[in-house]
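Here the structure is laid out as structure tokens; the discussion comes afterwards.
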Amino acid sequence: MSKITPVDPGAKSARRRARARRWLLRTLAVTVALLAVTGTATAIYVGSVSKSFTSHVRREPLLPPAASGTTSTGSDNQDEPQSDGHAVNYVLMGSDSREAKDAGAGRSDTLMVLHLAADRKSAYLVSFPRDLYVPIPGYGKNKINAAFAFGGPPLTIRTLEALLGTRMDHAAIIDFEGFIGLTEQLGGVTVYNAHASSSRGYDFPKGNITLKGDQALAFVRERYELPNGDLDRAERQRLVVQAILAKGLSARTLADPAAFTSFVAGVGQHLTIDDGLTDSAIRKMALSLRLTADDVQLLQAPISGFGTVNGMSIDVVDQNQMSQLAEALREDTMGDYVKNHPAK
């Protein structure tokens with residue numbers, strides 16, 4: 001058995017790794033907010049937006065067969081779990097390439113579970129750090145992102161189900177670079193740049209700057225000229241994603257059906273969803289939602305600190321709190337979980 005060597009959880013490098021991933025929550029929040037807005041629109045508008053989305057999205061068999069020892073929070077009918085009075089769990093994976101859905105192709109930098117409450121008035125987006133040290137079915141203990149390299153999305157989902165004892169109803173893979181590319185379609189987005197830098201032929205002065213297309217990608221990729229390296233790069237990525245969300249869901253965009261439908265279509269182009277998430281299921285989910293972007297709470301899976309195993313840096317699972325999170329997901333009591341474990 002590999003021995004875990006504790007590492008000071010207050011160490012600067014550990015804090016940097018933890019903070020550097022927080023922006024990733026915002027990437028998936030774009031999708032959540034889009035669905036929330038769709039759910040409050042008129043039926044005609046929903047139909048138009050839904051068609052625009054579903055005609056561009058890709059479907060693949062991402063889900064593994066149901067494993068023993070897992071409990072479903074939704075309906076037994078995987079085609080229609082969105083409006084039957086049950087909670088629903090989605091696995092959301094972020095990647096650098098749409099081809100990363102295949103085992104060994106690309107890499108998965110983001111792993112989250114989106115829990116939609118049964119009353120559709122609240123949603124919870126739980127991030128699982130890539131260095132979380134967990135059992136991977138058939139491969140022993142390793143970082144959770146290793147599951148993607150070993151067996152692609154099905155093994156990643158199976159690993160989550162084993163960790164939580166809860167069946168995942170649906171799954172999606174998101175191409176992060178594609179989302180950043182939406183800045184071009186939006187006519188640019190404005191962010192505050194804390195550190196002046198130059199990258200790939202572009203200059204980024206300190207202060208408010210407007211970015212789009214390749215310029216935006218250069219901005220979020222740069223780290224060497226930034227004082228805090230990866231930490232500042234992660235902050236830039238978070239800021240740009242937030243700006244895309246704000247502009248894509250702004251009153252001005254929503255008031256222009258053509259512009260909003262085009263934006264939703266752009267999002268769909270950078271998504272791969274499981275083949276059980278049908279057009280009908282997407283429409284029913286959109287119509288059933290009773291929440292806004294403000295009703296989506298962002299959480300991180302509980303860790304007790306940091307350590308090393310065979311020279312590999314890891315995040316150590318807080319077993320007690322993870323059990324409570326698993327129960328909350330199964331029993332649809334995430335509101336109580338958040339009250340008992342407020343964000344620090």
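Chain identifiers are assigned as A, B, and so on, following the order in which chains appear in the structure tokens; residues are numbered from 1 within each chain, and ligands are numbered from 1 in order of appearance.
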Could you pull out the alpha helix (DSSP H) residues of region 157-283 of chain A, going by DSSP on the backbone, and write them as a ChimeraX atom specification?
/A:157-164,176-185,213-221,230-248,251-254,257-268,279-283
I need the residues of region 126-277 of chain A that end up classed as strand (DSSP E or B) by DSSP on the backbone, written out as a VMD selection string.
chain A and resid 126 to 127 132 to 136 140 to 143 166 170 to 175 189 to 193 197 to 199 202 to 204 207 to 211 271 to 274
Given only C-alpha atoms as the basis, pick out the residue of A:Asn228, A:Ser199, A:Gln242, A:Asn142 nearest to Ile314 (chain A).
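For Ile314 (chain A), the nearest of the candidates is A:Asn142.
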Please determine, counting only C-alpha atoms, which residue among A:Lys143, A:Gln185, A:Asp332, A:Thr190 has the shortest atom-to-atom distance to Thr261 (chain A).
A:Gln185
Just checking: using only C-alpha atoms, which residue out of A:Val220, A:Val134, A:Val191, A:Ala196 ends up closest to Asn208 (chain A)?
A:Val191
Phe53 (chain A) environment, 10 Å, only C-alpha atoms, sequence neighbours closer than 5 positions dropped, as number ranges by chain:
A: 47-48, 261-269, 271, 279, 282
What is the distance between CA of Ile4 (chain A) and CA of Gly307 (chain A), in Å to one decimal?
6.1 Å
Name the closest residue to Arg200 (chain A) among the candidates A:Ala117, A:Ala87, A:Ala147, A:Ala218; distances are taken between atoms, counting only C-alpha atoms.
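The closest residue to Arg200 (chain A) is A:Ala218.
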Gln215 (chain A) environment, 12 Å, only C-alpha atoms, sequence neighbours closer than 2 positions dropped, as a ChimeraX atom specification:
/A:180-184,188-189,198-204,209-213,217-222,240
Who sits within 9 Å of Leu63 (chain A), only C-alpha atoms, same chain under 5 positions skipped, as a list of chain:residue names:
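Contacts, with the query itself left out: A:Pro153, A:Pro154, A:Leu155, A:Ile157, A:Arg158, A:Met168, A:Asp169, A:His170, A:Ala171, A:Asp274, A:Asp275, A:Gly276.
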Selection export as a compact mmCIF listing (two decimals), in the first residue's frame, atoms kept: N, CA and C atoms:
# COMPACT_ATOMS: atom_id res chain seq x y z
N PRO A 153 -14.37 8.73 -20.56
CA PRO A 153 -15.52 9.16 -19.77
C PRO A 153 -16.22 8.04 -19.01
N PRO A 154 -16.42 6.83 -19.59
CA PRO A 154 -17.13 5.79 -18.82
C PRO A 154 -16.43 5.44 -17.51
N LEU A 155 -15.10 5.31 -17.54
CA LEU A 155 -14.39 4.97 -16.31
C LEU A 155 -14.36 6.17 -15.35
N ILE A 157 -16.75 8.33 -14.97
CA ILE A 157 -18.07 8.35 -14.36
C ILE A 157 -18.21 7.20 -13.36
N ARG A 158 -17.71 6.02 -13.73
CA ARG A 158 -17.76 4.88 -12.82
C ARG A 158 -16.99 5.19 -11.53
N MET A 168 -24.97 8.41 -11.83
CA MET A 168 -24.96 9.63 -12.60
C MET A 168 -25.91 9.46 -13.79
N ASP A 169 -26.82 10.40 -13.96
CA ASP A 169 -27.87 10.26 -14.97
C ASP A 169 -27.42 10.62 -16.38
N HIS A 170 -26.57 11.65 -16.48
CA HIS A 170 -26.14 12.11 -17.80
C HIS A 170 -24.73 12.69 -17.71
N ALA A 171 -24.13 12.94 -18.87
CA ALA A 171 -22.76 13.44 -18.90
C ALA A 171 -22.55 14.34 -20.10
N ASP A 274 -24.04 12.74 -23.62
CA ASP A 274 -24.31 11.31 -23.75
C ASP A 274 -25.53 11.09 -24.65
N ASP A 275 -25.55 9.95 -25.31
CA ASP A 275 -26.59 9.69 -26.30
C ASP A 275 -27.97 9.45 -25.69
N GLY A 276 -28.04 9.35 -24.36
CA GLY A 276 -29.35 9.23 -23.72
C GLY A 276 -30.01 10.57 -23.48
